[in-house]
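Q: Below is one structure. I have some questions about it.
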Amino acid sequence: MRNISYFCTVKCSRYIPIAVIACSIMLIFSNIRAYAQEKQSFADTDSVRISLLTCAPGTEVYSLYGHTAVRYTDYGKNIDVAINYGVFSFNKPFFVLRFIFGITDYEMGIVPFDYFCDEYRSEGRWVYQQELNLTNEEKAEMRRAFDNNFLPENRTYRYNYFYDNCTTRPRDIIIDNIKGAVVFPDAKEEYPSYRELVHSMNGNAPWARFGNDLLLGVKSDKKTDLQEQQFLPLRLMEDFEHAKIKSPDGTTRPLVIKSSYIIPAGAQEHNSGFPLSPSACAWIIFALVIIISAFELITKRKLWPFDTLLLILDGCVGIIIFLMFFSEHPTTSTNLQILLFNPLPLFFAYGIAKRAIKKRYEPLWKYAACMLVMFLIGGFFQSYAEGMYILALSLLIRCVWNIVYQNRFLPGK
């Protein structure tokens with residue numbers, strides 16, 4: 001047994017160097033093959049062009065802020081597609097509620113470039129192309145990133161308007177797959193807040209602007225930085241136009257090598273929408289409050305249906321703001337407009353109307369007046385939607401008048 005063991009040890013020791021050499025040769029050839037395949041992959045991108053596409057704002061509410069996509073063109077393989085991270089469907093159950101609560105899922109879509117252009121051409125919206133100045137290696141990396149994103153398990157993502165949207169997704173893939181750092185030389189010391197950036201895009205749509213401001217809270221008034229303000233397509237387009245790539249060896253090259261309009265600006269059909277602005281509607285309510293309060297003062301008669309209507313409207317709008325506190329949108333929490341519009345009036349409207357009919361004292365008007373004063377003070381910390389100060393003043397006048405009316409004209413006062 002000992003001789004056999006010795007024999008095996010001696011024989012095996014003779015073949016160990018041969019096995020090591022064989023494995024080393026196989027490993028070398030394997031690495032050479034992988035390197036050759038990688039080089040071939042880079043060579044295949046000689047005919048590839050990757051461009052950032054920026055689309056003009058539209059007239060619909062969801063298109064007011066423009067759009068971003070990526071054009072991938074491979075002339076050698078006759079491929080020309082638009083990669084779009086803004087695909088969504090209104091047909092999904094409870095789409096509006098899901099969007100409000102920040103649980104909307106968007107998808108990555110790939111369509112022929114001609115189809116993509118036809119859609120924007122039909123709407124009279126321009127499309128601006130910025131061809132990226134990429135190496136073959138960077139093109140190959142981006143192609144792999146797009147392929148990975150398009151896998152069924154990866155193509156759907158949780159949409160967030162400010163932080164993760166159809167503009168930030170293409171930007172991140174481009175920047176993350178560049179060998180070096182993307183430098184924006186015109187970086188400013190201070191950028192606008194999220195609310196101000198949104199205002200820059202919806203100035204011609206006052207009710208859309210009102211709706212946004214109604215839902216946005218204190219956090220939306222925080223100043224953004226260079227990266228955060230790029231959630232808007234036009235901002236990203238402008239930043240890319242002047243950006244440079246700083247390579248690890250210290251050399252620089254422009255990020256965009258060529259820019260042009262794929263679709264020139266055309267005529268858009270503008271929907272005038274509701275003829276009155278939010279401020280005009282607020283002034284109408286203010287005028288009604290003054291007129292009805294003056295009528296009650298002169299006639300000493302209480303028009304309780306008017307207060308009931310105001311309370312119901314206040315509570316209905318308050319439900320929307322209250323629900324936004326549970327939204328996944330980070331900028332909708334801590335909304336001080338809840339002091340003006342909240343669901344509580346719906347619970348007290350019936351009781352207040354009943355006591356008003358019986359000419360009984362109602363103490364809740366004092367608490368409502370205190371909340372309105374707190375709302376006005378909150379304006380130092382948060383920007384409110386258009387016309388909100390007028391509405392708050394209208395309701396405050398009504399609260400004060402009801403307190404005065406009860407003290408002067410109700411029995412026992």
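In the structure tokens, each chain is lettered A, B, ... as it comes, each chain's residues begin at 1, and ligands are numbered from 1 in order of appearance.
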Segment 250-398 of chain A: which residues are alpha helix (DSSP H) by DSSP, as a ChimeraX atom specification?
A: /A:278-299,304-324,344-357,364-378,388-398
Q: So that I can see what lies close to Leu288 of chain A, please list as a list of chain:residue names the residues with an atom at most 12 Å from it, counting only C-alpha atoms and leaving out residues fewer than 2 positions away in the same chain.
A: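 Once the adjacent positions are removed, what remains is A:Cys281, A:Ala282, A:Trp283, A:Ile284, A:Ile285, A:Phe286, A:Ile290, A:Ile291, A:Ile292, A:Ser293, A:Ala294, A:Phe295, A:Phe306, A:Asp307, A:Leu310, A:Leu391, A:Ser394, A:Leu395, A:Ile397, A:Arg398.
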Q: Got a sec: who's within 10 Å of Leu214 of chain A, counting only C-alpha atoms, leaving out chain neighbours fewer than 5 positions off, as number ranges by chain?
A: A: 208-209, 317, 320-321, 332, 335-338, 341, 383-386, 388
Q: When you look at Gly273 of chain A with a cut-off of 12 Å (counting only C-alpha atoms), what residues show up, excluding the ones that are within fewer than 6 positions of it in the same chain? I need them as a list of chain:residue names.
A: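 The neighbour list is A:Thr59, A:Glu60, A:Val61, A:Asn204, A:Ala205, A:Pro206, A:Trp207, A:Ala208.
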Q: With N, CA and C atoms kept, could you save the residues just selected as a compact mmCIF listing (two decimals), in the first residue's frame?
A:
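Saved result, part-v7.txt, follows:
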```txt
# COMPACT_ATOMS: atom_id res chain seq x y z
N THR A 59 -49.62 71.25 -26.29
CA THR A 59 -50.74 72.01 -25.74
C THR A 59 -51.51 71.23 -24.69
N GLU A 60 -51.34 69.91 -24.66
CA GLU A 60 -52.00 69.11 -23.63
C GLU A 60 -51.27 69.28 -22.30
N VAL A 61 -51.99 69.05 -21.20
CA VAL A 61 -51.42 69.27 -19.88
C VAL A 61 -50.16 68.43 -19.67
N ASN A 204 -48.44 79.85 -20.10
CA ASN A 204 -49.58 80.05 -21.01
C ASN A 204 -50.75 79.14 -20.68
N ALA A 205 -50.66 78.39 -19.62
CA ALA A 205 -51.74 77.49 -19.20
C ALA A 205 -52.04 77.78 -17.72
N PRO A 206 -52.76 78.87 -17.44
CA PRO A 206 -52.94 79.31 -16.05
C PRO A 206 -53.61 78.28 -15.15
N TRP A 207 -54.55 77.50 -15.69
CA TRP A 207 -55.23 76.53 -14.83
C TRP A 207 -54.36 75.32 -14.55
N ALA A 208 -53.52 74.93 -15.51
CA ALA A 208 -52.55 73.87 -15.25
C ALA A 208 -51.54 74.34 -14.20
```
Q: Which one is closest to Cys117 of chain A: A:Leu376, A:Ile403, A:Ala368, A:Cys55? Count only C-alpha atoms.
A: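 Among the listed residues, A:Cys55 lies closest to Cys117 of chain A.
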Q: Pro363 of chain A: which residues within 10 Å, counting only C-alpha atoms, same-chain residues fewer than 2 positions away excluded, as a list in words?
A: Ile352, Arg360, Tyr361, Trp365, Lys366, Tyr367, Ala368, Asn402, Ile403 and Gln406 of chain A
Q: Next, write the just-selected residues to a file, as a CSV table (one decimal), in the first residue's frame, keeping all heavy atoms as the atom set.
A:
```csv
chain,number,residue,atom,x,y,z
A,352,ILE,N,-73.5,73.6,11.0
A,352,ILE,CA,-73.5,75.0,11.0
A,352,ILE,C,-74.8,75.6,10.3
A,352,ILE,O,-75.3,76.6,10.8
A,352,ILE,CB,-72.2,75.5,10.2
A,352,ILE,CG1,-71.0,75.2,11.0
A,352,ILE,CG2,-72.3,77.0,9.9
A,352,ILE,CD1,-69.7,75.5,10.3
A,360,ARG,N,-78.9,80.2,16.1
A,360,ARG,CA,-78.1,79.8,17.3
A,360,ARG,C,-76.6,80.1,17.0
A,360,ARG,O,-76.1,80.2,15.9
A,360,ARG,CB,-78.3,78.3,17.6
A,360,ARG,CG,-79.7,77.9,18.0
A,360,ARG,CD,-79.8,76.4,18.1
A,360,ARG,NE,-78.9,75.9,19.2
A,360,ARG,CZ,-78.7,74.7,19.5
A,360,ARG,NH1,-79.4,73.7,18.8
A,360,ARG,NH2,-77.9,74.3,20.4
A,361,TYR,N,-75.9,80.3,18.1
A,361,TYR,CA,-74.5,80.8,18.1
A,361,TYR,C,-73.6,79.6,17.6
A,361,TYR,O,-73.8,78.5,17.9
A,361,TYR,CB,-74.1,81.2,19.5
A,361,TYR,CG,-72.7,81.8,19.5
A,361,TYR,CD1,-72.4,83.1,19.1
A,361,TYR,CD2,-71.6,81.0,20.0
A,361,TYR,CE1,-71.1,83.6,19.1
A,361,TYR,CE2,-70.3,81.5,20.0
A,361,TYR,CZ,-70.1,82.8,19.6
A,361,TYR,OH,-68.8,83.3,19.6
A,365,TRP,N,-66.7,79.5,13.8
A,365,TRP,CA,-66.2,80.6,13.0
A,365,TRP,C,-64.9,81.2,13.5
A,365,TRP,O,-64.0,81.7,12.7
A,365,TRP,CB,-67.3,81.7,12.8
A,365,TRP,CG,-68.5,81.3,12.1
A,365,TRP,CD1,-69.8,81.2,12.5
A,365,TRP,CD2,-68.5,80.8,10.7
A,365,TRP,NE1,-70.6,80.7,11.5
A,365,TRP,CE2,-69.9,80.5,10.4
A,365,TRP,CE3,-67.6,80.7,9.7
A,365,TRP,CZ2,-70.3,80.0,9.2
A,365,TRP,CZ3,-68.0,80.2,8.4
A,365,TRP,CH2,-69.3,79.9,8.2
A,366,LYS,N,-64.8,81.2,14.8
A,366,LYS,CA,-63.5,81.8,15.4
A,366,LYS,C,-62.3,80.9,15.1
A,366,LYS,O,-61.2,81.4,14.8
A,366,LYS,CB,-63.7,81.9,17.0
A,366,LYS,CG,-64.7,82.9,17.4
A,366,LYS,CD,-64.8,83.0,18.9
A,366,LYS,CE,-65.8,84.0,19.3
A,366,LYS,NZ,-65.9,84.1,20.8
A,367,TYR,N,-62.5,79.6,15.2
A,367,TYR,CA,-61.4,78.7,14.8
A,367,TYR,C,-61.1,78.8,13.4
A,367,TYR,O,-59.9,78.7,13.0
A,367,TYR,CB,-61.8,77.3,15.2
A,367,TYR,CG,-62.1,77.1,16.7
A,367,TYR,CD1,-63.4,76.9,17.2
A,367,TYR,CD2,-61.0,77.1,17.6
A,367,TYR,CE1,-63.6,76.7,18.5
A,367,TYR,CE2,-61.3,76.9,19.0
A,367,TYR,CZ,-62.6,76.7,19.4
A,367,TYR,OH,-62.8,76.6,20.8
A,368,ALA,N,-62.1,78.9,12.5
A,368,ALA,CA,-61.8,79.0,11.1
A,368,ALA,C,-61.0,80.3,10.8
A,368,ALA,O,-60.1,80.3,10.0
A,368,ALA,CB,-63.1,79.0,10.3
A,402,ASN,N,-69.5,86.7,10.2
A,402,ASN,CA,-70.4,85.8,11.0
A,402,ASN,C,-70.2,86.0,12.5
A,402,ASN,O,-71.2,85.9,13.2
A,402,ASN,CB,-70.1,84.4,10.5
A,402,ASN,CG,-70.7,84.0,9.2
A,402,ASN,OD1,-71.8,84.5,8.9
A,402,ASN,ND2,-70.0,83.3,8.4
A,403,ILE,N,-69.0,86.2,12.9
A,403,ILE,CA,-68.7,86.4,14.3
A,403,ILE,C,-69.4,87.7,14.8
A,403,ILE,O,-70.1,87.8,15.8
A,403,ILE,CB,-67.2,86.5,14.6
A,403,ILE,CG1,-66.6,85.1,14.3
A,403,ILE,CG2,-67.0,86.9,16.1
A,403,ILE,CD1,-65.1,85.2,14.4
A,406,GLN,N,-73.3,87.3,14.8
A,406,GLN,CA,-73.8,86.5,15.9
A,406,GLN,C,-73.8,87.4,17.2
A,406,GLN,O,-74.7,87.3,18.0
A,406,GLN,CB,-72.9,85.3,16.2
A,406,GLN,CG,-73.1,84.2,15.0
A,406,GLN,CD,-72.2,83.0,15.2
A,406,GLN,OE1,-72.6,81.9,15.0
A,406,GLN,NE2,-71.0,83.2,15.7
```
Q: Between atom CA of Val111 of chain A and atom CA of Ala82 of chain A, what is the distance, to one decimal in Å?
A: 5.5 Å
Q: What's around Ile79 of chain A at 10 Å? Count only C-alpha atoms, leave out sequence neighbours fewer than 4 positions away in its own chain, and write the answer as a PyMOL selection string.
A: chain A and resi 48+72-75+112-113
Q: Please list as a CSV table (one decimal) with N, CA, C and O atoms, in the first residue's frame every residue within 9 Å of Arg121 of chain A, counting only C-alpha atoms and excluding residues in the same chain fewer than 5 positions away.
A:
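Final output, saved to out.csv:
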```csv
chain,number,residue,atom,x,y,z
A,116,PHE,N,-41.8,58.0,-34.8
A,116,PHE,CA,-41.6,59.0,-33.7
A,116,PHE,C,-41.8,60.4,-34.2
A,116,PHE,O,-42.4,61.3,-33.6
A,126,TRP,N,-41.6,71.0,-32.7
A,126,TRP,CA,-40.3,70.8,-33.2
A,126,TRP,C,-39.5,69.7,-32.5
A,126,TRP,O,-39.8,69.4,-31.3
A,127,VAL,N,-38.5,69.1,-33.1
A,127,VAL,CA,-37.7,68.1,-32.5
A,127,VAL,C,-36.2,68.5,-32.8
A,127,VAL,O,-35.8,68.6,-34.0
A,263,ILE,N,-37.2,68.3,-37.0
A,263,ILE,CA,-38.5,68.8,-37.4
A,263,ILE,C,-38.5,70.3,-36.9
A,263,ILE,O,-38.4,70.6,-35.8
A,264,PRO,N,-38.7,71.2,-37.9
A,264,PRO,CA,-38.7,72.6,-37.5
A,264,PRO,C,-40.0,73.0,-36.8
A,264,PRO,O,-41.0,72.2,-36.9
A,265,ALA,N,-40.0,74.1,-36.2
A,265,ALA,CA,-41.2,74.5,-35.5
A,265,ALA,C,-42.4,74.7,-36.4
A,265,ALA,O,-42.2,75.3,-37.5
A,266,GLY,N,-43.6,74.3,-36.0
A,266,GLY,CA,-44.8,74.4,-36.9
A,266,GLY,C,-45.9,75.1,-36.1
A,266,GLY,O,-45.7,75.5,-34.9
```
Q: Nearest to Leu340 of chain A: which of A:Ile357, A:Leu276, A:Met371, A:Ile298 is it, counting only C-alpha atoms?
A: A:Met371
Q: So that I can check the secondary structure, give me every residue of segment 207-369 of chain A assigned strand (DSSP E or B) by backbone DSSP, as a compact mmCIF listing (two decimals) with C-alpha atoms, in the first residue's frame.
A:
```txt
# COMPACT_ATOMS: atom_id res chain seq x y z
CA LYS A 223 -33.64 75.87 -4.84
CA LYS A 244 -17.60 68.86 -22.38
CA ILE A 245 -16.22 65.41 -21.65
CA LYS A 246 -13.07 65.34 -19.55
CA THR A 252 -11.42 67.27 -23.22
CA ARG A 253 -13.87 67.07 -26.07
CA PRO A 254 -17.35 68.56 -26.60
CA VAL A 256 -22.27 67.32 -28.59
CA ILE A 257 -20.57 67.12 -31.96
CA LYS A 258 -23.48 68.32 -34.10
CA SER A 259 -26.91 69.87 -33.51
CA SER A 260 -29.85 70.45 -35.82
CA TYR A 261 -33.63 70.58 -36.00
CA ILE A 262 -35.01 67.29 -37.29
CA ILE A 263 -38.48 68.83 -37.35
```
Q: Write out as a tab-separated table the residues of segment 127-228 of chain A that have any atom within 10 Å of an atom of segment 51-54 of chain A, one row each with the nearest atom pair and its distance in Å to one decimal, counting only C-alpha atoms, sorted by chain and then rising number.
A:
```
residue	atom	partner	partner_atom	distance
A:Val127	CA	A:Thr54	CA	5.6
A:Tyr128	CA	A:Thr54	CA	5.1
A:Gln129	CA	A:Leu53	CA	4.7
A:Gln130	CA	A:Leu52	CA	5.1
A:Glu131	CA	A:Ser51	CA	4.1
A:Leu132	CA	A:Ser51	CA	5.4
A:Asn133	CA	A:Ser51	CA	9.0
A:Leu134	CA	A:Ser51	CA	9.9
A:Thr167	CA	A:Thr54	CA	9.0
A:Pro170	CA	A:Leu52	CA	8.1
A:Arg171	CA	A:Leu52	CA	8.6
A:Ile174	CA	A:Leu52	CA	9.1
```
Q: Which residue is closest to Phe380 of chain A? Choose from A:Asp221, A:Asp172, A:Phe99, A:Gly351 and count only C-alpha atoms.
A: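 Looking at the shortest contact to Phe380 of chain A, the residue is A:Asp221.
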Q: Atom CA of Phe184 of chain A and atom CA of Gln230 of chain A, how far apart in Å?
A: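 About the pair atom CA of Gln230 of chain A and atom CA of Phe184 of chain A: they are 11.8 Å apart.
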Q: Pick from A:Val218, A:Ala243, A:Val87, A:Val70: nearest to Arg195 of chain A, with only C-alpha atoms counted?
A: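 Nearest to Arg195 of chain A: A:Val218.
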